[in-house]
file entry-v5.pdb (PDB, C-alpha atoms and all ligand atoms)
MODEL        1
ATOM      1  CA  MET A   1     -60.142  42.832 -59.218  1.00  0.00           C
ATOM      2  CA  SER A   2     -57.362  40.441 -60.177  1.00  0.00           C
ATOM      3  CA  PHE A   3     -55.463  40.691 -56.875  1.00  0.00           C
ATOM      4  CA  GLU A   4     -56.774  39.111 -53.691  1.00  0.00           C
ATOM      5  CA  ILE A   5     -54.410  39.987 -50.857  1.00  0.00           C
ATOM      6  CA  ASP A   6     -55.024  39.278 -47.187  1.00  0.00           C
ATOM      7  CA  VAL A   7     -51.698  39.319 -45.353  1.00  0.00           C
ATOM      8  CA  GLU A   8     -50.037  40.112 -42.051  1.00  0.00           C
ATOM      9  CA  ARG A   9     -46.314  40.423 -41.496  1.00  0.00           C
ATOM     10  CA  ARG A  10     -44.177  41.864 -38.737  1.00  0.00           C
ATOM     11  CA  LEU A  11     -40.891  43.528 -39.782  1.00  0.00           C
ATOM     12  CA  GLY A  12     -38.938  44.766 -36.771  1.00  0.00           C
ATOM     13  CA  ASP A  13     -41.279  47.190 -34.982  1.00  0.00           C
ATOM     14  CA  THR A  14     -43.576  47.538 -37.977  1.00  0.00           C
ATOM     15  CA  ARG A  15     -46.693  45.444 -38.455  1.00  0.00           C
ATOM     16  CA  ILE A  16     -47.994  45.310 -42.000  1.00  0.00           C
ATOM     17  CA  ALA A  17     -51.629  44.220 -42.280  1.00  0.00           C
ATOM     18  CA  LEU A  18     -53.629  44.371 -45.472  1.00  0.00           C
ATOM     19  CA  ARG A  19     -56.998  42.910 -46.319  1.00  0.00           C
ATOM     20  CA  ALA A  20     -58.072  43.388 -49.937  1.00  0.00           C
ATOM     21  CA  PRO A  21     -60.534  40.712 -50.981  1.00  0.00           C
ATOM     22  CA  GLY A  22     -60.693  40.671 -54.750  1.00  0.00           C
ATOM     23  CA  ASP A  23     -64.335  41.652 -54.996  1.00  0.00           C
ATOM     24  CA  SER A  24     -64.752  44.452 -52.459  1.00  0.00           C
ATOM     25  CA  ALA A  25     -62.110  46.975 -53.532  1.00  0.00           C
ATOM     26  CA  LYS A  26     -63.156  50.047 -55.486  1.00  0.00           C
ATOM     27  CA  SER A  27     -63.264  48.880 -59.062  1.00  0.00           C
ATOM     28  CA  ALA A  28     -64.338  50.421 -62.343  1.00  0.00           C
ATOM     29  CA  GLY A  29     -63.777  50.039 -66.034  1.00  0.00           C
ATOM     30  CA  GLN A  30     -61.900  46.771 -65.711  1.00  0.00           C
ATOM     31  CA  SER A  31     -62.020  44.288 -68.531  1.00  0.00           C
ATOM     32  CA  GLY A  32     -61.103  40.618 -68.757  1.00  0.00           C
ATOM     33  CA  GLY A  33     -58.362  39.331 -66.461  1.00  0.00           C
ATOM     34  CA  GLY A  34     -56.163  42.412 -66.790  1.00  0.00           C
ATOM     35  CA  GLY A  35     -56.442  45.898 -65.367  1.00  0.00           C
ATOM     36  CA  LEU A  36     -54.171  47.949 -63.152  1.00  0.00           C
ATOM     37  CA  THR A  37     -54.593  47.815 -59.377  1.00  0.00           C
ATOM     38  CA  ALA A  38     -52.837  50.579 -57.450  1.00  0.00           C
ATOM     39  CA  LEU A  39     -51.356  49.850 -54.042  1.00  0.00           C
ATOM     40  CA  PHE A  40     -51.491  53.369 -52.702  1.00  0.00           C
ATOM     41  CA  GLY A  41     -50.120  54.794 -49.467  1.00  0.00           C
ATOM     42  CA  PRO A  42     -47.484  56.987 -47.823  1.00  0.00           C
ATOM     43  CA  SER A  43     -43.811  56.195 -47.472  1.00  0.00           C
ATOM     44  CA  GLY A  44     -43.202  53.414 -44.971  1.00  0.00           C
ATOM     45  CA  ALA A  45     -46.760  52.043 -45.167  1.00  0.00           C
ATOM     46  CA  GLY A  46     -45.469  48.711 -46.433  1.00  0.00           C
ATOM     47  CA  LYS A  47     -46.150  48.894 -50.170  1.00  0.00           C
ATOM     48  CA  THR A  48     -42.859  47.368 -51.311  1.00  0.00           C
ATOM     49  CA  SER A  49     -43.157  44.702 -48.617  1.00  0.00           C
ATOM     50  CA  VAL A  50     -46.622  43.729 -49.909  1.00  0.00           C
ATOM     51  CA  LEU A  51     -45.283  43.595 -53.467  1.00  0.00           C
ATOM     52  CA  ASN A  52     -42.483  41.307 -52.257  1.00  0.00           C
ATOM     53  CA  MET A  53     -45.057  39.080 -50.534  1.00  0.00           C
ATOM     54  CA  VAL A  54     -46.976  38.765 -53.817  1.00  0.00           C
ATOM     55  CA  ALA A  55     -43.712  38.006 -55.669  1.00  0.00           C
ATOM     56  CA  GLY A  56     -42.801  35.323 -53.116  1.00  0.00           C
ATOM     57  CA  LEU A  57     -39.715  37.209 -51.887  1.00  0.00           C
ATOM     58  CA  LEU A  58     -41.124  37.914 -48.405  1.00  0.00           C
ATOM     59  CA  ARG A  59     -43.221  35.374 -46.528  1.00  0.00           C
ATOM     60  CA  PRO A  60     -46.362  36.654 -44.764  1.00  0.00           C
ATOM     61  CA  ASP A  61     -46.790  35.537 -41.138  1.00  0.00           C
ATOM     62  CA  ARG A  62     -50.303  34.556 -42.147  1.00  0.00           C
ATOM     63  CA  GLY A  63     -52.793  35.130 -44.919  1.00  0.00           C
ATOM     64  CA  ARG A  64     -53.716  34.376 -48.475  1.00  0.00           C
ATOM     65  CA  ILE A  65     -52.659  35.779 -51.851  1.00  0.00           C
ATOM     66  CA  ALA A  66     -54.339  34.950 -55.156  1.00  0.00           C
ATOM     67  CA  VAL A  67     -53.852  36.522 -58.577  1.00  0.00           C
ATOM     68  CA  ALA A  68     -56.452  36.092 -61.304  1.00  0.00           C
ATOM     69  CA  GLY A  69     -57.902  33.193 -59.334  1.00  0.00           C
ATOM     70  CA  GLN A  70     -54.611  31.327 -58.837  1.00  0.00           C
ATOM     71  CA  VAL A  71     -53.645  30.870 -55.184  1.00  0.00           C
ATOM     72  CA  LEU A  72     -49.965  31.763 -54.634  1.00  0.00           C
ATOM     73  CA  PHE A  73     -49.929  31.663 -50.851  1.00  0.00           C
ATOM     74  CA  ASP A  74     -52.363  30.348 -48.268  1.00  0.00           C
ATOM     75  CA  SER A  75     -51.123  29.801 -44.728  1.00  0.00           C
ATOM     76  CA  ALA A  76     -54.275  27.871 -43.784  1.00  0.00           C
ATOM     77  CA  SER A  77     -53.721  25.189 -46.424  1.00  0.00           C
ATOM     78  CA  GLY A  78     -49.914  25.334 -46.521  1.00  0.00           C
ATOM     79  CA  ILE A  79     -49.625  26.697 -50.087  1.00  0.00           C
ATOM     80  CA  ASP A  80     -46.499  28.800 -50.731  1.00  0.00           C
ATOM     81  CA  LEU A  81     -45.418  28.764 -54.368  1.00  0.00           C
ATOM     82  CA  PRO A  82     -41.735  29.602 -54.917  1.00  0.00           C
ATOM     83  CA  PRO A  83     -41.088  32.874 -56.806  1.00  0.00           C
ATOM     84  CA  GLU A  84     -40.323  31.217 -60.140  1.00  0.00           C
ATOM     85  CA  ARG A  85     -43.677  29.395 -60.121  1.00  0.00           C
ATOM     86  CA  ARG A  86     -45.619  32.588 -59.371  1.00  0.00           C
ATOM     87  CA  ARG A  87     -44.558  34.012 -62.736  1.00  0.00           C
ATOM     88  CA  ALA A  88     -44.432  37.676 -61.771  1.00  0.00           C
ATOM     89  CA  GLY A  89     -42.729  40.271 -63.962  1.00  0.00           C
ATOM     90  CA  TYR A  90     -41.093  42.810 -61.623  1.00  0.00           C
ATOM     91  CA  VAL A  91     -40.337  46.415 -62.655  1.00  0.00           C
ATOM     92  CA  PHE A  92     -38.427  48.466 -60.086  1.00  0.00           C
ATOM     93  CA  GLN A  93     -38.087  52.212 -59.464  1.00  0.00           C
ATOM     94  CA  ASP A  94     -34.744  52.523 -61.158  1.00  0.00           C
ATOM     95  CA  GLY A  95     -34.839  49.913 -63.907  1.00  0.00           C
ATOM     96  CA  ARG A  96     -32.104  47.767 -62.360  1.00  0.00           C
ATOM     97  CA  LEU A  97     -30.752  46.606 -65.687  1.00  0.00           C
ATOM     98  CA  PHE A  98     -27.667  44.398 -65.651  1.00  0.00           C
ATOM     99  CA  PRO A  99     -24.850  46.928 -66.229  1.00  0.00           C
ATOM    100  CA  HIS A 100     -22.519  44.397 -67.870  1.00  0.00           C
ATOM    101  CA  ARG A 101     -25.050  43.325 -70.522  1.00  0.00           C
ATOM    102  CA  ARG A 102     -26.111  45.330 -73.562  1.00  0.00           C
ATOM    103  CA  VAL A 103     -29.822  46.113 -73.957  1.00  0.00           C
ATOM    104  CA  ARG A 104     -30.390  43.106 -76.205  1.00  0.00           C
ATOM    105  CA  ASP A 105     -28.851  40.762 -73.622  1.00  0.00           C
ATOM    106  CA  ASN A 106     -30.885  42.330 -70.825  1.00  0.00           C
ATOM    107  CA  LEU A 107     -34.016  41.546 -72.851  1.00  0.00           C
ATOM    108  CA  LEU A 108     -32.830  38.037 -73.685  1.00  0.00           C
ATOM    109  CA  TYR A 109     -32.232  37.394 -69.992  1.00  0.00           C
ATOM    110  CA  GLY A 110     -35.994  37.639 -69.387  1.00  0.00           C
ATOM    111  CA  TRP A 111     -36.700  35.503 -72.437  1.00  0.00           C
ATOM    112  CA  ARG A 112     -34.294  32.739 -71.389  1.00  0.00           C
ATOM    113  CA  LEU A 113     -35.778  32.691 -67.894  1.00  0.00           C
ATOM    114  CA  ALA A 114     -39.233  31.879 -69.241  1.00  0.00           C
ATOM    115  CA  PRO A 115     -40.199  28.237 -69.758  1.00  0.00           C
ATOM    116  CA  PRO A 116     -41.042  28.002 -73.495  1.00  0.00           C
ATOM    117  CA  ALA A 117     -44.689  27.168 -72.781  1.00  0.00           C
ATOM    118  CA  GLU A 118     -45.041  30.383 -70.745  1.00  0.00           C
ATOM    119  CA  ARG A 119     -43.708  32.723 -73.440  1.00  0.00           C
ATOM    120  CA  TRP A 120     -46.578  34.733 -74.878  1.00  0.00           C
ATOM    121  CA  ILE A 121     -44.650  37.601 -76.475  1.00  0.00           C
ATOM    122  CA  GLY A 122     -41.554  37.488 -78.681  1.00  0.00           C
ATOM    123  CA  ILE A 123     -38.457  39.679 -78.824  1.00  0.00           C
ATOM    124  CA  GLU A 124     -39.409  41.426 -82.094  1.00  0.00           C
ATOM    125  CA  GLN A 125     -42.928  42.157 -80.875  1.00  0.00           C
ATOM    126  CA  THR A 126     -41.638  43.498 -77.554  1.00  0.00           C
ATOM    127  CA  VAL A 127     -39.045  45.710 -79.227  1.00  0.00           C
ATOM    128  CA  GLU A 128     -41.683  47.134 -81.567  1.00  0.00           C
ATOM    129  CA  PHE A 129     -44.265  47.570 -78.795  1.00  0.00           C
ATOM    130  CA  LEU A 130     -41.810  49.570 -76.674  1.00  0.00           C
ATOM    131  CA  GLY A 131     -40.055  51.420 -79.523  1.00  0.00           C
ATOM    132  CA  ILE A 132     -36.564  50.345 -78.418  1.00  0.00           C
ATOM    133  CA  ASP A 133     -35.109  48.976 -81.666  1.00  0.00           C
ATOM    134  CA  HIS A 134     -32.496  51.758 -81.825  1.00  0.00           C
ATOM    135  CA  LEU A 135     -31.267  50.911 -78.315  1.00  0.00           C
ATOM    136  CA  MET A 136     -30.521  47.217 -78.767  1.00  0.00           C
ATOM    137  CA  HIS A 137     -26.718  47.521 -78.873  1.00  0.00           C
ATOM    138  CA  ARG A 138     -26.381  50.169 -76.181  1.00  0.00           C
ATOM    139  CA  TRP A 139     -24.970  49.663 -72.683  1.00  0.00           C
ATOM    140  CA  PRO A 140     -27.376  50.454 -69.802  1.00  0.00           C
ATOM    141  CA  ARG A 141     -25.129  53.300 -68.554  1.00  0.00           C
ATOM    142  CA  THR A 142     -25.706  55.183 -71.825  1.00  0.00           C
ATOM    143  CA  LEU A 143     -29.519  55.120 -71.546  1.00  0.00           C
ATOM    144  CA  SER A 144     -31.737  57.916 -70.226  1.00  0.00           C
ATOM    145  CA  GLY A 145     -33.976  57.026 -67.272  1.00  0.00           C
ATOM    146  CA  GLY A 146     -36.991  56.691 -69.572  1.00  0.00           C
ATOM    147  CA  GLU A 147     -35.131  54.480 -72.050  1.00  0.00           C
ATOM    148  CA  ALA A 148     -33.872  52.277 -69.222  1.00  0.00           C
ATOM    149  CA  GLN A 149     -37.412  51.918 -67.872  1.00  0.00           C
ATOM    150  CA  ARG A 150     -38.708  50.848 -71.312  1.00  0.00           C
ATOM    151  CA  VAL A 151     -36.019  48.171 -71.470  1.00  0.00           C
ATOM    152  CA  ALA A 152     -36.850  47.059 -67.912  1.00  0.00           C
ATOM    153  CA  ILE A 153     -40.519  46.702 -68.889  1.00  0.00           C
ATOM    154  CA  GLY A 154     -39.439  44.722 -71.969  1.00  0.00           C
ATOM    155  CA  ARG A 155     -37.286  42.397 -69.887  1.00  0.00           C
ATOM    156  CA  ALA A 156     -40.238  41.788 -67.540  1.00  0.00           C
ATOM    157  CA  LEU A 157     -42.647  41.062 -70.431  1.00  0.00           C
ATOM    158  CA  LEU A 158     -40.192  38.657 -72.048  1.00  0.00           C
ATOM    159  CA  SER A 159     -40.007  36.563 -68.885  1.00  0.00           C
ATOM    160  CA  GLY A 160     -43.518  35.317 -69.771  1.00  0.00           C
ATOM    161  CA  PRO A 161     -45.239  36.729 -66.692  1.00  0.00           C
ATOM    162  CA  ARG A 162     -48.836  36.025 -65.706  1.00  0.00           C
ATOM    163  CA  PHE A 163     -48.935  39.400 -63.963  1.00  0.00           C
ATOM    164  CA  LEU A 164     -46.744  42.465 -63.468  1.00  0.00           C
ATOM    165  CA  LEU A 165     -45.530  44.082 -60.256  1.00  0.00           C
ATOM    166  CA  MET A 166     -44.444  47.705 -60.671  1.00  0.00           C
ATOM    167  CA  ASP A 167     -42.785  49.521 -57.762  1.00  0.00           C
ATOM    168  CA  GLU A 168     -42.986  53.293 -58.361  1.00  0.00           C
ATOM    169  CA  PRO A 169     -41.592  52.957 -61.897  1.00  0.00           C
ATOM    170  CA  LEU A 170     -41.838  56.725 -62.543  1.00  0.00           C
ATOM    171  CA  SER A 171     -40.187  58.013 -59.401  1.00  0.00           C
ATOM    172  CA  SER A 172     -36.658  58.444 -60.750  1.00  0.00           C
ATOM    173  CA  LEU A 173     -37.790  60.244 -63.943  1.00  0.00           C
ATOM    174  CA  ASP A 174     -38.146  63.926 -64.824  1.00  0.00           C
ATOM    175  CA  ALA A 175     -41.566  65.281 -65.912  1.00  0.00           C
ATOM    176  CA  ALA A 176     -41.118  64.681 -69.666  1.00  0.00           C
ATOM    177  CA  ARG A 177     -39.891  61.111 -69.191  1.00  0.00           C
ATOM    178  CA  ARG A 178     -42.658  60.413 -66.661  1.00  0.00           C
ATOM    179  CA  GLU A 179     -45.265  61.279 -69.272  1.00  0.00           C
ATOM    180  CA  GLU A 180     -43.525  59.056 -71.822  1.00  0.00           C
ATOM    181  CA  ILE A 181     -43.475  56.046 -69.481  1.00  0.00           C
ATOM    182  CA  LEU A 182     -47.031  56.735 -68.254  1.00  0.00           C
ATOM    183  CA  ARG A 183     -48.154  56.288 -71.865  1.00  0.00           C
ATOM    184  CA  VAL A 184     -46.191  53.035 -72.164  1.00  0.00           C
ATOM    185  CA  ILE A 185     -47.806  51.713 -68.974  1.00  0.00           C
ATOM    186  CA  GLU A 186     -51.267  52.722 -70.245  1.00  0.00           C
ATOM    187  CA  ARG A 187     -50.612  50.720 -73.415  1.00  0.00           C
ATOM    188  CA  VAL A 188     -49.387  47.704 -71.416  1.00  0.00           C
ATOM    189  CA  ARG A 189     -52.572  47.967 -69.312  1.00  0.00           C
ATOM    190  CA  ASP A 190     -54.924  48.370 -72.275  1.00  0.00           C
ATOM    191  CA  GLU A 191     -53.364  46.138 -74.939  1.00  0.00           C
ATOM    192  CA  LEU A 192     -51.719  43.177 -73.202  1.00  0.00           C
ATOM    193  CA  GLY A 193     -54.476  42.051 -70.795  1.00  0.00           C
ATOM    194  CA  LEU A 194     -52.021  41.391 -67.938  1.00  0.00           C
ATOM    195  CA  PRO A 195     -53.040  42.100 -64.337  1.00  0.00           C
ATOM    196  CA  ILE A 196     -50.742  44.822 -62.950  1.00  0.00           C
ATOM    197  CA  LEU A 197     -50.141  45.630 -59.277  1.00  0.00           C
ATOM    198  CA  TYR A 198     -48.704  49.133 -59.227  1.00  0.00           C
ATOM    199  CA  VAL A 199     -47.159  50.775 -56.160  1.00  0.00           C
ATOM    200  CA  SER A 200     -47.430  54.540 -55.854  1.00  0.00           C
ATOM    201  CA  HIS A 201     -47.726  57.360 -53.338  1.00  0.00           C
ATOM    202  CA  ASP A 202     -48.775  59.832 -56.063  1.00  0.00           C
ATOM    203  CA  SER A 203     -52.537  60.391 -56.212  1.00  0.00           C
ATOM    204  CA  GLY A 204     -52.372  61.908 -59.719  1.00  0.00           C
ATOM    205  CA  GLU A 205     -50.642  58.823 -61.101  1.00  0.00           C
ATOM    206  CA  VAL A 206     -53.157  56.547 -59.393  1.00  0.00           C
ATOM    207  CA  ALA A 207     -56.148  58.546 -60.683  1.00  0.00           C
ATOM    208  CA  ARG A 208     -54.827  58.300 -64.216  1.00  0.00           C
ATOM    209  CA  LEU A 209     -53.770  54.654 -64.255  1.00  0.00           C
ATOM    210  CA  ALA A 210     -55.774  52.623 -61.765  1.00  0.00           C
ATOM    211  CA  CYS A 211     -58.841  50.478 -62.417  1.00  0.00           C
ATOM    212  CA  ALA A 212     -58.889  49.527 -58.715  1.00  0.00           C
ATOM    213  CA  ILE A 213     -57.223  50.951 -55.622  1.00  0.00           C
ATOM    214  CA  ILE A 214     -55.936  49.184 -52.499  1.00  0.00           C
ATOM    215  CA  PRO A 215     -55.194  51.813 -49.827  1.00  0.00           C
ATOM    216  CA  LEU A 216     -52.420  50.996 -47.375  1.00  0.00           C
ATOM    217  CA  GLY A 217     -51.586  52.877 -44.161  1.00  0.00           C
ATOM    218  CA  GLY A 218     -51.920  56.649 -43.742  1.00  0.00           C
TER     219      GLY A 218
HETATM  220  N1  LIG B 301     -36.102  43.942 -42.906  1.00  0.00           N
HETATM  221  C1  LIG B 301     -36.749  44.872 -42.181  1.00  0.00           C
HETATM  222  N2  LIG B 301     -36.582  44.968 -40.843  1.00  0.00           N
HETATM  223  C2  LIG B 301     -37.229  45.885 -40.117  1.00  0.00           C
HETATM  224  N3  LIG B 301     -38.106  46.769 -40.635  1.00  0.00           N
HETATM  225  C3  LIG B 301     -38.310  46.728 -41.957  1.00  0.00           C
HETATM  226  C4  LIG B 301     -37.663  45.784 -42.823  1.00  0.00           C
HETATM  227  N4  LIG B 301     -38.070  45.987 -44.100  1.00  0.00           N
HETATM  228  C5  LIG B 301     -38.945  47.013 -44.050  1.00  0.00           C
HETATM  229  N5  LIG B 301     -39.091  47.449 -42.783  1.00  0.00           N
HETATM  230  C6  LIG B 301     -39.978  48.547 -42.330  1.00  0.00           C
HETATM  231  O1  LIG B 301     -41.295  48.217 -42.761  1.00  0.00           O
HETATM  232  C7  LIG B 301     -41.977  49.395 -43.163  1.00  0.00           C
HETATM  233  C8  LIG B 301     -42.525  49.226 -44.568  1.00  0.00           C
HETATM  234  O2  LIG B 301     -41.460  49.286 -45.515  1.00  0.00           O
HETATM  235  P1  LIG B 301     -41.758  49.307 -47.082  1.00  0.00           P
HETATM  236  O3  LIG B 301     -40.458  49.506 -47.787  1.00  0.00           O
HETATM  237  O4  LIG B 301     -42.557  48.114 -47.435  1.00  0.00           O
HETATM  238  O5  LIG B 301     -42.672  50.618 -47.206  1.00  0.00           O
HETATM  239  P2  LIG B 301     -43.135  51.440 -48.492  1.00  0.00           P
HETATM  240  O6  LIG B 301     -44.564  51.779 -48.282  1.00  0.00           O
HETATM  241  O7  LIG B 301     -42.797  50.677 -49.728  1.00  0.00           O
HETATM  242  O8  LIG B 301     -42.238  52.722 -48.387  1.00  0.00           O
HETATM  243  P3  LIG B 301     -41.604  53.690 -49.531  1.00  0.00           P
HETATM  244  O9  LIG B 301     -42.775  54.306 -50.254  1.00  0.00           O
HETATM  245  O10 LIG B 301     -40.816  54.676 -48.720  1.00  0.00           O
HETATM  246  O11 LIG B 301     -40.748  52.815 -50.416  1.00  0.00           O
HETATM  247  C9  LIG B 301     -41.007  50.545 -43.013  1.00  0.00           C
HETATM  248  O12 LIG B 301     -41.261  51.185 -41.775  1.00  0.00           O
HETATM  249  C10 LIG B 301     -39.654  49.857 -43.007  1.00  0.00           C
HETATM  250  O13 LIG B 301     -38.715  50.600 -42.248  1.00  0.00           O
ENDMDL
END
call {"tool": "encode", "arguments": {"input": "entry-v5.pdb", "output": "structure tokens"}}
result
Amino acid sequence: MSFEIDVERRLGDTRIALRAPGDSAKSAGQSGGGGLTALFGPSGAGKTSVLNMVAGLLRPDRGRIAVAGQVLFDSASGIDLPPERRRAGYVFQDGRLFPHRRVRDNLLYGWRLAPPAERWIGIEQTVEFLGIDHLMHRWPRTLSGGEAQRVAIGRALLSGPRFLLMDEPLSSLDAARREEILRVIERVRDELGLPILYVSHDSGEVARLACAIIPLGG
């Protein structure tokens, strides 16, 4: 498994503790350095908090986080890479596109953020991969939920990530759009070779998408 996560963090009255050594989680059918790992658990279990710890947005009280062999955080040896050096592509529940930028400029935002040496996919290739050519001049407010999520995935890919963090990316979509974006995520998983950490509380989604499962809470 690409994600090695052993963290503890207190948030108010809640204590989040997760121990998922890369080699002991349930794992099957994973190839190369990619694969989709599901962080699965009920509401309030701490899934988003763990994702934020992997992204470098929330500091664990103690522990160690490594992705594809690269250590991002290790309290014992004082390693704590800042978010921009972790090179995570983050996809949220609701897309969170910049409302004042057209689709093309939302995509270019990710591209401009990436140091040139870290860019491994270009704008044209991303647009073709996601089938969003016809949306390039649209404003985010005119997009359907599924279209917005495709653009959000494109923006994340164009930031040159070494791995993707996806926080319930289907939860704001209706059934038809969920199926559409499920297929996009399957193609990202199977064709791009990027490790993906995918938050969900939906067992059907996890069964369909996950190569490995990290249970949390419940
Ligand atoms: N800043 C904070 N201060 C106090 N408690 C917090 C803070 N942030 C999160 N929590 C609590 O930590 C717990 C975990 O929250 P988190 O959002 O990580 O859960 P989750 O599993 O992602 O939930 P959901 O599926 O509902 O999004 C919750 O009980 C939440 O209320």
call {"tool": "atom_distance", "arguments": {"input": "entry-v5.pdb", "atom1": "atom CA of Pro99 of chain A", "atom2": "atom CA of Met136 of chain A"}}
result
13.8 Å
call {"tool": "closest_residue", "arguments": {"input": "entry-v5.pdb", "among": "A:Ala38, A:Leu107, A:Ala17, A:Ala55", "to": "Glu124 of chain A", "atoms": "all atoms listed in the file"}}
result
A:Leu107
call {"tool": "closest_atom_pairs", "arguments": {"input": "entry-v5.pdb", "of": "chain A", "to": "ligand LIG 301 (chain B)", "cutoff": "6 Å", "atoms": "only C-alpha atoms and all ligand atoms", "output": "Markdown table"}}
result
| residue | atom | partner | partner_atom | distance |
| --- | --- | --- | --- | --- |
| A:Leu11 | CA | B:LIG301 | N3 | 4.4 |
| A:Gly12 | CA | B:LIG301 | C2 | 3.9 |
| A:Thr14 | CA | B:LIG301 | O1 | 5.3 |
| A:Pro42 | CA | B:LIG301 | O9 | 5.9 |
| A:Ser43 | CA | B:LIG301 | O9 | 3.5 |
| A:Gly44 | CA | B:LIG301 | O8 | 3.6 |
| A:Ala45 | CA | B:LIG301 | O6 | 3.8 |
| A:Gly46 | CA | B:LIG301 | O4 | 3.1 |
| A:Lys47 | CA | B:LIG301 | O6 | 3.8 |
| A:Thr48 | CA | B:LIG301 | O7 | 3.7 |
| A:Ser49 | CA | B:LIG301 | O4 | 3.7 |
call {"tool": "closest_residue", "arguments": {"input": "entry-v5.pdb", "among": "A:Leu36, A:Ala210, A:Ile132, A:Ala148", "to": "Gln93 of chain A", "atoms": "all atoms listed in the file"}}
result
A:Ala148
call {"tool": "residues_around", "arguments": {"input": "entry-v5.pdb", "residues": "Glu4 of chain A", "least_positions_apart": "4", "cutoff": "10 Å", "atoms": "all atoms listed in the file", "output": "ChimeraX atom specification"}}
result
/A:19-25,54,64-71
call {"tool": "write_last_selection", "arguments": {"input": "entry-v5.pdb", "atoms": "C-alpha atoms", "output": "short mmCIF file (atom, residue, chain, number, x, y, z; two decimals), keeping the file's coordinate frame"}}
result
data_model
loop_
_atom_site.label_atom_id
_atom_site.label_comp_id
_atom_site.auth_asym_id
_atom_site.auth_seq_id
_atom_site.Cartn_x
_atom_site.Cartn_y
_atom_site.Cartn_z
CA ARG A 19 -57.00 42.91 -46.32
CA ALA A 20 -58.07 43.39 -49.94
CA PRO A 21 -60.53 40.71 -50.98
CA GLY A 22 -60.69 40.67 -54.75
CA ASP A 23 -64.33 41.65 -55.00
CA SER A 24 -64.75 44.45 -52.46
CA ALA A 25 -62.11 46.98 -53.53
CA VAL A 54 -46.98 38.76 -53.82
CA ARG A 64 -53.72 34.38 -48.48
CA ILE A 65 -52.66 35.78 -51.85
CA ALA A 66 -54.34 34.95 -55.16
CA VAL A 67 -53.85 36.52 -58.58
CA ALA A 68 -56.45 36.09 -61.30
CA GLY A 69 -57.90 33.19 -59.33
CA GLN A 70 -54.61 31.33 -58.84
CA VAL A 71 -53.64 30.87 -55.18
#
call {"tool": "closest_residue", "arguments": {"input": "entry-v5.pdb", "among": "A:Ile213, A:Met53, A:Leu130, A:Ala156", "to": "Arg183 of chain A", "atoms": "all atoms listed in the file"}}
result
A:Leu130
call {"tool": "resolve_selection", "arguments": {"input": "entry-v5.pdb", "expression": "the PyMOL selection byres (((chain A and resi 100) around 12) and not hetatm)", "output": "tab-separated table (two decimals) with C-alpha atoms, in the frame of the given file"}}
result
chain	number	residue	atom	x	y	z
A	96	ARG	CA	-32.10	47.77	-62.36
A	97	LEU	CA	-30.75	46.61	-65.69
A	98	PHE	CA	-27.67	44.40	-65.65
A	99	PRO	CA	-24.85	46.93	-66.23
A	101	ARG	CA	-25.05	43.32	-70.52
A	102	ARG	CA	-26.11	45.33	-73.56
A	103	VAL	CA	-29.82	46.11	-73.96
A	104	ARG	CA	-30.39	43.11	-76.20
A	105	ASP	CA	-28.85	40.76	-73.62
A	106	ASN	CA	-30.88	42.33	-70.82
A	138	ARG	CA	-26.38	50.17	-76.18
A	139	TRP	CA	-24.97	49.66	-72.68
A	140	PRO	CA	-27.38	50.45	-69.80
A	141	ARG	CA	-25.13	53.30	-68.55
A	142	THR	CA	-25.71	55.18	-71.82
call {"tool": "build_atoms", "arguments": {"input": "entry-v5.pdb", "residues": "segment 58-67 of chain A", "atoms": "N, CA and C atoms", "output": "compact mmCIF listing (two decimals), in the frame of the given file"}}
result
# COMPACT_ATOMS: atom_id res chain seq x y z
N LEU A 58 -40.95 37.68 -49.84
CA LEU A 58 -41.12 37.91 -48.40
C LEU A 58 -42.35 37.11 -47.97
N ARG A 59 -42.15 36.30 -46.93
CA ARG A 59 -43.22 35.37 -46.53
C ARG A 59 -44.14 36.05 -45.51
N PRO A 60 -45.44 36.10 -45.78
CA PRO A 60 -46.36 36.65 -44.76
C PRO A 60 -46.37 35.75 -43.52
N ASP A 61 -46.63 36.36 -42.35
CA ASP A 61 -46.79 35.54 -41.14
C ASP A 61 -48.07 34.71 -41.24
N ARG A 62 -49.08 35.31 -41.86
CA ARG A 62 -50.30 34.56 -42.15
C ARG A 62 -51.03 35.24 -43.31
N GLY A 63 -51.96 34.50 -43.92
CA GLY A 63 -52.79 35.13 -44.92
C GLY A 63 -52.93 34.32 -46.19
N ARG A 64 -53.41 35.03 -47.20
CA ARG A 64 -53.72 34.38 -48.48
C ARG A 64 -53.50 35.39 -49.60
N ILE A 65 -52.89 34.93 -50.68
CA ILE A 65 -52.66 35.78 -51.85
C ILE A 65 -53.08 34.98 -53.07
N ALA A 66 -53.96 35.59 -53.90
CA ALA A 66 -54.34 34.95 -55.16
C ALA A 66 -54.31 36.01 -56.25
N VAL A 67 -53.88 35.61 -57.44
CA VAL A 67 -53.85 36.52 -58.58
C VAL A 67 -54.61 35.88 -59.72
